[in-house]
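> What follows is model_31.txt; its format and atoms are compact mmCIF, C-alpha atoms.
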```
# COMPACT_ATOMS: atom_id res chain seq x y z
CA MET A 1 136.92 72.97 153.42
CA ILE A 2 137.35 76.67 152.75
CA ASP A 3 135.79 79.14 155.14
CA LYS A 4 134.91 82.06 152.88
CA PHE A 5 134.15 84.13 155.96
CA ALA A 6 137.55 83.71 157.59
CA LEU A 7 139.08 87.09 158.30
CA PRO A 8 142.70 88.11 158.71
CA GLN A 9 143.84 88.16 162.30
CA LEU A 10 146.41 90.10 164.24
CA ALA A 11 148.27 89.40 167.45
CA GLN A 12 151.20 91.06 169.17
CA ILE A 13 153.91 89.13 170.93
CA ASN A 14 156.79 90.43 172.98
CA LEU A 15 159.80 89.06 171.07
CA ALA A 16 161.95 89.06 174.20
CA THR A 17 159.56 87.38 176.63
CA GLY A 18 157.21 85.53 174.26
CA VAL A 19 154.22 86.96 176.06
CA ILE A 20 151.11 87.62 173.96
CA SER A 21 149.32 90.41 175.79
CA VAL A 22 145.83 89.50 174.62
CA ALA A 23 146.38 85.75 174.42
CA GLU A 24 143.11 83.85 174.08
CA GLN A 25 144.59 80.89 175.89
CA VAL A 26 147.53 80.51 178.27
CA ILE A 27 148.60 77.02 179.27
CA ILE A 28 150.77 76.82 182.37
CA ARG A 29 152.59 73.59 183.21
CA LYS A 30 153.84 73.30 186.75
CA LEU A 31 156.01 70.51 188.09
CA SER A 32 152.88 68.96 189.63
CA ASP A 33 151.53 68.52 186.07
CA MET A 34 154.46 66.31 185.11
CA PRO A 35 156.29 64.89 188.18
CA ALA A 36 156.90 61.48 186.58
CA TYR A 37 158.74 63.01 183.61
CA TYR A 38 161.95 63.49 185.60
CA GLN A 39 164.40 60.77 186.66
CA ASP A 40 165.32 62.06 190.12
CA GLN A 41 162.13 61.53 192.13
CA SER A 42 163.76 62.69 195.35
CA ALA A 43 164.51 66.07 193.73
CA VAL A 44 160.96 66.14 192.35
CA ARG A 45 159.46 65.63 195.82
CA GLU A 46 161.61 68.40 197.25
CA LEU A 47 160.73 70.86 194.47
CA LEU A 48 157.03 70.04 194.63
CA LYS A 49 156.97 71.99 197.89
CA THR A 50 157.17 75.16 195.78
CA ASP A 51 155.74 73.57 192.62
CA PRO A 52 157.50 75.87 190.13
CA ILE A 53 156.18 76.74 186.69
CA ILE A 54 158.16 74.70 184.17
CA TYR A 55 156.72 76.22 181.00
CA SER A 56 153.94 78.40 179.62
CA VAL A 57 152.27 78.45 176.21
CA TYR A 58 150.56 81.60 174.90
CA MET A 59 148.06 81.21 172.07
CA PRO A 60 146.51 84.18 170.24
CA LYS A 61 142.98 84.06 168.86
CA GLN A 62 143.07 81.14 166.49
CA PRO A 63 141.68 80.81 162.97
CA SER A 64 138.24 79.37 162.41
CA GLU A 65 139.39 77.66 159.22
CA VAL A 66 139.80 73.91 159.46
CA THR A 67 142.62 74.27 156.95
CA GLY A 68 144.31 76.93 159.04
CA MET A 69 147.51 77.06 161.05
CA TYR A 70 147.78 77.55 164.79
CA THR A 71 150.44 79.78 166.30
CA ALA A 72 151.79 80.00 169.83
CA THR A 73 154.76 81.12 171.83
CA SER A 74 156.30 78.79 174.37
CA VAL A 75 158.38 79.92 177.32
CA ILE A 76 160.46 77.27 179.09
CA GLU A 77 161.76 78.55 182.39
CA PRO A 78 165.42 78.01 183.31
CA GLY A 79 166.08 75.46 186.01
CA GLN A 80 166.96 71.88 186.76
CA ILE A 81 165.51 68.93 188.62
CA GLY A 82 168.24 66.61 189.77
CA ASN A 83 170.59 66.53 186.80
CA GLU A 84 167.91 67.27 184.21
CA PHE A 85 166.99 70.62 182.75
CA TYR A 86 163.44 71.99 182.77
CA MET A 87 161.67 70.71 179.66
CA THR A 88 158.28 70.30 178.02
CA LYS A 89 156.27 67.08 178.13
CA GLY A 90 156.66 66.54 174.40
CA HIS A 91 154.18 64.89 172.09
CA PHE A 92 153.50 63.29 168.73
CA HIS A 93 150.92 64.73 166.34
CA LEU A 94 147.91 62.49 165.81
CA ASP A 95 148.04 63.39 162.12
CA GLU A 96 151.46 62.15 161.03
CA SER A 97 151.34 64.38 157.97
CA ALA A 98 151.13 67.53 160.11
CA PRO A 99 154.57 69.14 160.60
CA GLU A 100 155.56 71.93 162.97
CA VAL A 101 157.96 74.84 162.67
CA TYR A 102 159.74 76.56 165.56
CA LEU A 103 161.51 79.89 165.41
CA THR A 104 163.61 80.46 168.52
CA LEU A 105 163.38 84.05 169.76
CA SER A 106 165.37 84.08 172.98
CA GLY A 107 167.44 81.78 175.17
CA GLU A 108 169.28 78.55 174.46
CA GLY A 109 168.12 74.99 174.45
CA LEU A 110 167.73 71.71 172.69
CA LEU A 111 164.95 70.20 170.60
CA VAL A 112 164.68 66.45 171.22
CA MET A 113 162.84 64.48 168.52
CA GLN A 114 162.07 60.85 167.82
CA THR A 115 159.90 58.67 165.60
CA HIS A 116 157.75 55.69 166.55
CA SER A 117 160.26 53.51 164.73
CA GLY A 118 163.09 54.59 167.03
CA GLN A 119 164.95 57.27 165.08
CA SER A 120 166.10 60.16 167.22
CA GLN A 121 167.61 63.57 166.59
CA VAL A 122 168.58 66.46 168.86
CA GLN A 123 168.99 69.98 167.48
CA ASP A 124 170.33 73.14 169.06
CA MET A 125 167.99 76.08 169.62
CA LYS A 126 169.23 79.64 169.88
CA PRO A 127 167.86 82.99 168.73
CA GLY A 128 167.05 82.76 165.02
CA THR A 129 167.05 78.96 164.79
CA VAL A 130 164.34 77.62 162.47
CA SER A 131 163.52 74.01 163.42
CA TYR A 132 161.48 71.96 160.97
CA ILE A 133 159.75 68.98 162.60
CA PRO A 134 158.24 66.48 160.11
CA GLY A 135 154.75 65.26 161.00
CA ASP A 136 155.74 61.88 162.42
CA TRP A 137 158.46 63.11 164.79
CA ALA A 138 157.66 63.62 168.49
CA HIS A 139 159.16 66.82 169.86
CA ARG A 140 160.24 68.12 173.25
CA THR A 141 162.14 71.29 174.10
CA VAL A 142 164.74 71.58 176.85
CA ASN A 143 166.01 74.85 178.33
CA ALA A 144 169.78 74.39 178.62
CA GLY A 145 170.47 78.03 179.46
CA LYS A 146 170.13 80.44 182.36
CA THR A 147 167.35 82.57 180.86
CA PRO A 148 163.89 81.62 179.57
CA LEU A 149 163.88 79.71 176.28
CA VAL A 150 161.30 81.45 174.08
CA PHE A 151 160.14 80.20 170.70
CA PHE A 152 157.35 80.82 168.19
CA ALA A 153 155.56 77.70 166.89
CA ILE A 154 153.27 77.10 163.90
CA TRP A 155 151.36 73.89 163.14
CA PRO A 156 148.27 72.83 161.17
CA VAL A 157 144.91 73.21 162.93
CA ASP A 158 144.06 69.54 162.41
CA ALA A 159 147.38 68.13 163.72
CA GLY A 160 146.01 66.86 167.03
CA HIS A 161 148.20 65.87 169.96
CA ASP A 162 149.28 62.50 171.30
CA TYR A 163 150.79 63.03 174.74
CA ASP A 164 150.09 59.49 175.93
CA SER A 165 152.83 57.79 173.90
CA ILE A 166 155.50 59.95 175.54
CA ASP A 167 153.80 59.67 178.93
CA ASP A 168 154.09 55.87 178.59
CA MET A 169 157.54 55.43 177.10
CA GLY A 170 159.42 58.72 177.42
CA PHE A 171 162.00 59.93 174.95
CA ASN A 172 164.94 57.71 174.04
CA ARG A 173 167.36 60.58 174.65
CA LEU A 174 167.77 62.58 177.85
CA VAL A 175 169.49 65.93 178.20
CA LEU A 176 171.53 66.05 181.41
CA VAL A 177 173.33 68.93 183.11
CA GLY A 178 177.06 68.53 182.49
CA ASP A 179 180.04 70.46 183.77
CA ASP A 180 180.70 71.79 180.29
CA GLY A 181 177.13 72.17 179.09
CA PRO A 182 174.27 69.81 178.28
CA HIS A 183 175.00 66.12 177.82
CA ILE A 184 172.78 64.01 175.56
CA VAL A 185 172.52 60.44 176.83
CA VAL A 186 170.49 57.34 176.08
CA ASN A 187 167.48 57.11 178.40
CA PRO A 188 168.00 53.96 180.50
CA HIS A 189 164.27 53.75 181.20
CA PHE A 190 163.09 54.15 177.60
CA GLU A 191 160.58 51.45 176.76
CA MET B 1 150.91 61.60 151.46
CA ILE B 2 153.32 61.02 154.34
CA ASP B 3 157.02 60.90 153.59
CA LYS B 4 158.32 58.44 156.17
CA PHE B 5 161.87 59.43 155.25
CA ALA B 6 161.46 63.13 155.92
CA LEU B 7 164.08 64.29 158.39
CA PRO B 8 164.06 67.23 160.77
CA GLN B 9 165.76 70.31 159.34
CA LEU B 10 167.60 73.23 160.80
CA ALA B 11 168.30 76.74 159.55
CA GLN B 12 169.70 79.84 161.15
CA ILE B 13 168.38 83.29 160.47
CA ASN B 14 169.69 86.62 161.66
CA LEU B 15 166.72 88.01 163.59
CA ALA B 16 167.83 91.60 162.96
CA THR B 17 168.52 91.40 159.22
CA GLY B 18 166.44 88.38 158.19
CA VAL B 19 169.42 86.91 156.36
CA ILE B 20 169.66 83.12 156.27
CA SER B 21 173.35 82.43 155.89
CA VAL B 22 173.00 79.12 154.09
CA ALA B 23 169.77 79.94 152.26
CA GLU B 24 169.05 77.42 149.52
CA GLN B 25 167.29 80.10 147.50
CA VAL B 26 167.46 83.88 147.52
CA ILE B 27 164.94 85.81 145.42
CA ILE B 28 165.88 89.41 144.70
CA ARG B 29 163.29 91.78 143.28
CA LYS B 30 164.64 94.94 141.74
CA LEU B 31 162.56 97.83 140.47
CA SER B 32 163.07 96.51 136.92
CA ASP B 33 161.18 93.36 137.99
CA MET B 34 158.06 95.40 138.81
CA PRO B 35 158.12 98.86 137.18
CA ALA B 36 154.38 98.85 136.37
CA TYR B 37 153.45 98.30 140.03
CA TYR B 38 153.98 101.95 140.94
CA GLN B 39 151.74 104.87 140.03
CA ASP B 40 154.38 107.50 139.29
CA GLN B 41 155.98 106.29 136.07
CA SER B 42 158.18 109.37 135.81
CA ALA B 43 159.71 108.52 139.20
CA VAL B 44 160.05 104.90 138.09
CA ARG B 45 161.98 105.88 134.95
CA GLU B 46 164.34 108.05 136.97
CA LEU B 47 164.98 105.35 139.58
CA LEU B 48 165.49 102.65 136.96
CA LYS B 49 168.85 104.31 136.22
CA THR B 50 170.11 102.76 139.46
CA ASP B 51 167.53 99.95 139.56
CA PRO B 52 167.47 99.49 143.35
CA ILE B 53 166.65 96.27 145.13
CA ILE B 54 163.08 96.58 146.45
CA TYR B 55 162.96 93.34 148.40
CA SER B 56 164.70 90.02 148.99
CA VAL B 57 163.35 86.64 150.07
CA TYR B 58 165.57 84.07 151.79
CA MET B 59 164.44 80.45 151.82
CA PRO B 60 166.21 77.73 153.81
CA LYS B 61 166.38 74.15 152.61
CA GLN B 62 162.75 73.18 152.25
CA PRO B 63 160.95 70.02 153.33
CA SER B 64 160.52 67.16 150.89
CA GLU B 65 157.08 66.39 152.33
CA VAL B 66 154.16 67.37 150.14
CA THR B 67 152.25 68.01 153.37
CA GLY B 68 155.01 70.26 154.70
CA MET B 69 155.29 73.94 155.37
CA TYR B 70 157.66 76.36 153.65
CA THR B 71 159.48 79.03 155.59
CA ALA B 72 161.21 82.21 154.43
CA THR B 73 162.34 85.59 155.59
CA SER B 74 161.46 88.67 153.55
CA VAL B 75 163.38 91.91 153.68
CA ILE B 76 161.68 94.98 152.20
CA GLU B 77 164.13 97.83 151.78
CA PRO B 78 163.15 101.32 152.94
CA GLY B 79 162.43 103.83 150.20
CA GLN B 80 159.78 105.43 148.08
CA ILE B 81 158.90 105.84 144.42
CA GLY B 82 156.92 108.99 143.87
CA ASN B 83 154.55 109.05 146.82
CA GLU B 84 154.47 105.27 147.29
CA PHE B 85 156.59 103.21 149.66
CA TYR B 86 158.69 100.25 148.52
CA MET B 87 156.48 97.16 148.56
CA THR B 88 156.24 93.57 147.40
CA LYS B 89 154.34 92.49 144.30
CA GLY B 90 151.75 90.63 146.35
CA HIS B 91 149.90 87.50 145.30
CA PHE B 92 147.00 85.15 145.91
CA HIS B 93 147.54 81.49 146.75
CA LEU B 94 146.37 79.11 144.03
CA ASP B 95 145.00 76.86 146.78
CA GLU B 96 142.45 79.06 148.54
CA SER B 97 142.55 76.81 151.60
CA ALA B 98 146.26 77.52 152.17
CA PRO B 99 146.80 80.30 154.73
CA GLU B 100 150.02 82.13 155.57
CA VAL B 101 151.46 83.43 158.83
CA TYR B 102 153.89 86.35 159.18
CA LEU B 103 155.92 87.19 162.25
CA THR B 104 157.47 90.64 161.96
CA LEU B 105 161.04 90.71 163.27
CA SER B 106 162.26 94.22 162.53
CA GLY B 107 161.08 97.50 161.03
CA GLU B 108 157.62 98.93 160.50
CA GLY B 109 155.15 98.51 157.71
CA LEU B 110 151.71 97.57 156.51
CA LEU B 111 150.17 94.34 155.31
CA VAL B 112 147.64 95.00 152.53
CA MET B 113 145.14 92.19 151.90
CA GLN B 114 142.12 91.66 149.67
CA THR B 115 139.82 88.92 148.44
CA HIS B 116 138.62 88.20 144.92
CA SER B 117 135.19 89.37 146.04
CA GLY B 118 136.49 92.84 146.91
CA GLN B 119 136.98 92.77 150.69
CA SER B 120 140.10 94.57 151.82
CA GLN B 121 142.01 94.91 155.06
CA VAL B 122 145.24 96.65 156.03
CA GLN B 123 147.13 95.66 159.18
CA ASP B 124 150.11 97.24 160.92
CA MET B 125 153.38 95.34 161.07
CA LYS B 126 155.97 95.98 163.76
CA PRO B 127 158.36 93.75 165.70
CA GLY B 128 156.37 90.90 167.26
CA THR B 129 153.27 91.29 165.10
CA VAL B 130 151.71 87.94 164.13
CA SER B 131 149.64 88.37 160.96
CA TYR B 132 147.27 85.56 160.02
CA ILE B 133 146.30 85.59 156.33
CA PRO B 134 143.42 83.25 155.42
CA GLY B 135 143.93 81.20 152.23
CA ASP B 136 141.78 83.30 149.93
CA TRP B 137 143.26 86.71 150.80
CA ALA B 138 145.92 88.24 148.52
CA HIS B 139 148.76 89.81 150.49
CA ARG B 140 151.35 92.53 149.91
CA THR B 141 153.75 94.09 152.40
CA VAL B 142 154.75 97.75 152.40
CA ASN B 143 157.76 99.20 154.21
CA ALA B 144 156.49 102.39 155.83
CA GLY B 145 159.60 102.96 157.94
CA LYS B 146 163.18 104.11 157.52
CA THR B 147 164.82 100.74 158.15
CA PRO B 148 164.37 97.35 156.41
CA LEU B 149 161.07 95.63 157.16
CA VAL B 150 161.96 92.04 158.08
CA PHE B 151 159.46 89.25 158.63
CA PHE B 152 159.36 85.46 158.92
CA ALA B 153 156.71 83.71 156.81
CA ILE B 154 155.24 80.19 156.91
CA TRP B 155 152.86 78.66 154.35
CA PRO B 156 151.83 75.18 153.16
CA VAL B 157 154.05 73.56 150.53
CA ASP B 158 151.13 73.08 148.16
CA ALA B 159 149.78 76.66 148.37
CA GLY B 160 151.00 77.75 144.94
CA HIS B 161 151.20 81.38 143.85
CA ASP B 162 148.98 83.50 141.63
CA TYR B 163 150.86 86.70 140.82
CA ASP B 164 148.94 87.34 137.58
CA SER B 165 145.71 88.50 139.23
CA ILE B 166 147.53 91.30 141.06
CA ASP B 167 149.67 92.04 138.01
CA ASP B 168 146.42 92.57 136.08
CA MET B 169 144.27 94.43 138.56
CA GLY B 170 146.49 95.68 141.37
CA PHE B 171 145.34 96.03 144.96
CA ASN B 172 142.27 98.10 145.77
CA ARG B 173 144.15 99.99 148.48
CA LEU B 174 147.36 101.97 148.06
CA VAL B 175 149.68 103.08 150.82
CA LEU B 176 150.97 106.60 150.17
CA VAL B 177 153.62 108.65 151.91
CA GLY B 178 151.90 111.25 154.08
CA ASP B 179 153.28 114.11 156.14
CA ASP B 180 152.20 112.35 159.30
CA GLY B 181 152.89 108.76 158.28
CA PRO B 182 151.42 106.34 155.75
CA HIS B 183 148.04 107.14 154.19
CA ILE B 184 145.80 104.32 153.01
CA VAL B 185 143.76 105.38 149.98
CA VAL B 186 141.50 103.74 147.41
CA ASN B 187 143.45 102.81 144.29
CA PRO B 188 141.96 104.93 141.45
CA HIS B 189 143.26 102.44 138.88
CA PHE B 190 141.95 99.30 140.53
CA GLU B 191 140.08 97.18 138.02
```
Please rewrite the model in this file as structure tokens.

Amino acid sequence: MIDKFALPQLAQINLATGVISVAEQVIIRKLSDMPAYYQDQSAVRELLKTDPIIYSVYMPKQPSEVTGMYTATSVIEPGQIGNEFYMTKGHFHLDESAPEVYLTLSGEGLLVMQTHSGQSQVQDMKPGTVSYIPGDWAHRTVNAGKTPLVFFAIWPVDAGHDYDSIDDMGFNRLVLVGDDGPHIVVNPHFE
Amino acid sequence: MIDKFALPQLAQINLATGVISVAEQVIIRKLSDMPAYYQDQSAVRELLKTDPIIYSVYMPKQPSEVTGMYTATSVIEPGQIGNEFYMTKGHFHLDESAPEVYLTLSGEGLLVMQTHSGQSQVQDMKPGTVSYIPGDWAHRTVNAGKTPLVFFAIWPVDAGHDYDSIDDMGFNRLVLVGDDGPHIVVNPHFE
């Protein structure tokens, strides 16, 4: 469906911080929004006393077109919980034909992806990295650095989100804090 | 159609220069590729002696999915021809439901847009600007600064390009070099 009345839109993001000054929507995920996502529940309980922000998503005014593309910036704070880095929940798209593109603007991290059939892939993220996520790959981002991980994301308006699958089974790869940088390991609790 | 064998992809762009080091395709537009796009044909003839590069487009390896999204960086060189700034040809999408998103990375310029029905809009571009171009709006970028104008673009794989309409009729707004910055004027030759 073509919306003949759709008008061009304009937003301004801070390329260093990812902040969109006139964001129409800001989603803030604190640890209390995702306590079960981390392995070390003793560390989770301790940190819940201060309930830190894990990540924020800034969305500008979005297109009215049903054929449009959404944009957002995501900011993953630096930090760790037990031996895991701060990370996003991660999700599949409901529409498996709807891909997503990330352009990393600041910071360093990892993009953890997997399919329903069990394939997995982990890619590095650093300033200038363009990550192409096919429609049927779940995606989570992990901040493996000491500064905020900031990236710009674009995905089709009708993609939809399936958070439940990851909430149930997790990702089959974990990113752990190692002495010499992040370690990617098989998730012992992956179902 | 969902390509179940589509794999995640990774590219690396230089956020300052827009250059993708392992670009699968680089499109270079010299003045000799678009001499009729400028008003001052005397200035065009003089500049054709050196035939400068007006702009370059870097495309990473693109998705195999027909439902995918293409990405590219565009680099518009600084310069002027007569009293017009260096600019891209500009085009419509063949699929009027296929939008495009620009994220400006470096430099300063203008995004000139118009519909087949005669609407026009001109937006500023500067680092961090997110420009949302609905599917039925033609789009051209103009470098109004003294450094390269660099932006990241994303559009649906099946958008298609119509350059002929602009080649025939031009844009209904021109961006001219003014004493106090760019001047947007009605194109006297717009058909």
> Applying 6 Å and all atoms listed in the file, which residues near segment 107-111 of chain B remain after dropping the ones on its own chain fewer than 6 positions away? List them as a list in words.
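Answer for this query is Val122, Gln123, Asp124, Met125, Lys126, Arg140, Thr141, Val142, Asn143, Ala144, Gly145, Thr147, Pro148 and Leu149 of chain B.
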> Can you tell me, as a list in words, which residues sit within 12 Å of (151.9, 91.4, 134.8) in the file's frame, using all atoms listed in the file?
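Checking each residue against the 12 Å limit leaves Asp33, Met34, Pro35, Ala36, Tyr37, Lys89, Gly90, His91, Asp162, Tyr163, Asp164, Ser165, Ile166, Asp167, Asp168, Met169 and Gly170 of chain B.
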> Okay, now the selection with C-alpha atoms, as a tab-separated table (two decimals), in the frame of the given file?

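That gives us out.tsv:
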```
chain	number	residue	atom	x	y	z
B	33	ASP	CA	161.18	93.36	137.99
B	34	MET	CA	158.06	95.40	138.81
B	35	PRO	CA	158.12	98.86	137.18
B	36	ALA	CA	154.38	98.85	136.37
B	37	TYR	CA	153.45	98.30	140.03
B	89	LYS	CA	154.34	92.49	144.30
B	90	GLY	CA	151.75	90.63	146.35
B	91	HIS	CA	149.90	87.50	145.30
B	162	ASP	CA	148.98	83.50	141.63
B	163	TYR	CA	150.86	86.70	140.82
B	164	ASP	CA	148.94	87.34	137.58
B	165	SER	CA	145.71	88.50	139.23
B	166	ILE	CA	147.53	91.30	141.06
B	167	ASP	CA	149.67	92.04	138.01
B	168	ASP	CA	146.42	92.57	136.08
B	169	MET	CA	144.27	94.43	138.56
B	170	GLY	CA	146.49	95.68	141.37
```
> Can you work out which residues from chain B touch chain A at a cut-off of 9 Å (counting only C-alpha atoms) and hand them back as JSON, numbers by chain?
{"B": [1, 2, 3, 4, 6, 7, 8, 9, 10, 11, 12, 13, 14, 15, 18, 60, 62, 63, 65, 66, 67, 68, 69, 71, 96, 97, 98, 99, 100, 101, 103, 105, 113, 121, 123, 124, 126, 127, 128, 129, 130, 131, 132, 133, 134, 135, 136, 137, 152, 154, 155]}
> If the box runs along x, y and z of the file and leaves 3 Å on each side of segment 161-164 of chain B, what are its centre and edge lengths in Å, one decimal, as JSON?

```
{"center_x": 150.1, "center_y": 84.4, "center_z": 140.7, "size_x": 8.3, "size_y": 12.0, "size_z": 12.3}
```
> Counting all atoms listed in the file, select every polymer residue within 12 Å of (159.9, 99.2, 143.4) as defined in the file's coordinates, and provide the selection as a ChimeraX atom specification.
/B:28-41,43-48,50-56,76-89,142-143
> If I take atom CA of His139 of chain B and atom CA of Val186 of chain B, how far is one from the other in Å, to one decimal?
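Atom CA of Val186 of chain B lies 16.0 Å from atom CA of His139 of chain B.
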> One decimal, Å: what's the distance from atom CA of Lys146 of chain B over to atom CA of Val26 of chain B, could you say?
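Result for atom CA of Lys146 of chain B versus atom CA of Val26 of chain B: 23.0 Å, one decimal.
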> Can you measure atom CA of Gly181 of chain A to atom CA of Phe151 of chain A for me? One decimal in Å is fine.
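Atom CA of Gly181 of chain A sits 20.6 Å away from atom CA of Phe151 of chain A.
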> Would you kindly place N, CA and C atoms on segment 22-46 of chain B and return the model as an mmCIF file, in the frame of the given file?

```
data_model
loop_
_atom_site.group_PDB
_atom_site.id
_atom_site.type_symbol
_atom_site.label_atom_id
_atom_site.label_comp_id
_atom_site.auth_asym_id
_atom_site.auth_seq_id
_atom_site.Cartn_x
_atom_site.Cartn_y
_atom_site.Cartn_z
ATOM 1 N N VAL B 22 172.846 80.213 155.050
ATOM 2 C CA VAL B 22 173.000 79.120 154.090
ATOM 3 C C VAL B 22 171.680 78.914 153.340
ATOM 4 N N ALA B 23 171.050 80.020 152.968
ATOM 5 C CA ALA B 23 169.770 79.940 152.260
ATOM 6 C C ALA B 23 169.947 79.114 150.981
ATOM 7 N N GLU B 24 168.992 78.237 150.728
ATOM 8 C CA GLU B 24 169.050 77.420 149.520
ATOM 9 C C GLU B 24 168.628 78.271 148.315
ATOM 10 N N GLN B 25 167.771 79.250 148.582
ATOM 11 C CA GLN B 25 167.290 80.100 147.500
ATOM 12 C C GLN B 25 167.166 81.532 148.003
ATOM 13 N N VAL B 26 167.635 82.469 147.216
ATOM 14 C CA VAL B 26 167.460 83.880 147.520
ATOM 15 C C VAL B 26 166.810 84.529 146.305
ATOM 16 N N ILE B 27 165.649 85.113 146.502
ATOM 17 C CA ILE B 27 164.940 85.810 145.420
ATOM 18 C C ILE B 27 165.160 87.298 145.623
ATOM 19 N N ILE B 28 165.657 87.964 144.610
ATOM 20 C CA ILE B 28 165.880 89.410 144.700
ATOM 21 C C ILE B 28 164.996 90.103 143.681
ATOM 22 N N ARG B 29 164.168 91.018 144.167
ATOM 23 C CA ARG B 29 163.290 91.780 143.280
ATOM 24 C C ARG B 29 163.799 93.204 143.187
ATOM 25 N N LYS B 30 164.231 93.561 141.986
ATOM 26 C CA LYS B 30 164.640 94.940 141.740
ATOM 27 C C LYS B 30 163.466 95.702 141.142
ATOM 28 N N LEU B 31 163.623 97.013 141.060
ATOM 29 C CA LEU B 31 162.560 97.830 140.470
ATOM 30 C C LEU B 31 162.247 97.377 139.043
ATOM 31 N N SER B 32 163.288 96.945 138.317
ATOM 32 C CA SER B 32 163.070 96.510 136.920
ATOM 33 C C SER B 32 162.243 95.237 136.834
ATOM 34 N N ASP B 33 162.056 94.543 137.964
ATOM 35 C CA ASP B 33 161.180 93.360 137.990
ATOM 36 C C ASP B 33 159.716 93.742 138.173
ATOM 37 N N MET B 34 159.444 95.012 138.500
ATOM 38 C CA MET B 34 158.060 95.400 138.810
ATOM 39 C C MET B 34 157.787 96.883 138.544
ATOM 40 N N PRO B 35 158.272 97.404 137.401
ATOM 41 C CA PRO B 35 158.120 98.860 137.180
ATOM 42 C C PRO B 35 156.655 99.302 137.089
ATOM 43 N N ALA B 36 155.776 98.427 136.585
ATOM 44 C CA ALA B 36 154.380 98.850 136.370
ATOM 45 C C ALA B 36 153.562 98.837 137.664
ATOM 46 N N TYR B 37 154.199 98.387 138.771
ATOM 47 C CA TYR B 37 153.450 98.300 140.030
ATOM 48 C C TYR B 37 153.296 99.649 140.721
ATOM 49 N N TYR B 38 154.034 100.644 140.275
ATOM 50 C CA TYR B 38 153.980 101.950 140.940
ATOM 51 C C TYR B 38 153.241 102.962 140.077
ATOM 52 N N GLN B 39 152.587 103.908 140.733
ATOM 53 C CA GLN B 39 151.740 104.870 140.030
ATOM 54 C C GLN B 39 152.553 105.906 139.247
ATOM 55 N N ASP B 40 153.640 106.373 139.850
ATOM 56 C CA ASP B 40 154.380 107.500 139.290
ATOM 57 C C ASP B 40 155.445 106.986 138.315
ATOM 58 N N GLN B 41 155.073 106.889 137.046
ATOM 59 C CA GLN B 41 155.980 106.290 136.070
ATOM 60 C C GLN B 41 157.176 107.183 135.756
ATOM 61 N N SER B 42 157.035 108.481 135.997
ATOM 62 C CA SER B 42 158.180 109.370 135.810
ATOM 63 C C SER B 42 159.245 109.073 136.874
ATOM 64 N N ALA B 43 158.781 108.879 138.110
ATOM 65 C CA ALA B 43 159.710 108.520 139.200
ATOM 66 C C ALA B 43 160.322 107.142 138.942
ATOM 67 N N VAL B 44 159.533 106.236 138.401
ATOM 68 C CA VAL B 44 160.050 104.900 138.090
ATOM 69 C C VAL B 44 161.180 105.000 137.059
ATOM 70 N N ARG B 45 160.942 105.758 136.000
ATOM 71 C CA ARG B 45 161.980 105.880 134.950
ATOM 72 C C ARG B 45 163.274 106.457 135.517
ATOM 73 N N GLU B 46 163.149 107.430 136.386
ATOM 74 C CA GLU B 46 164.340 108.050 136.970
ATOM 75 C C GLU B 46 165.095 107.041 137.839
#
```
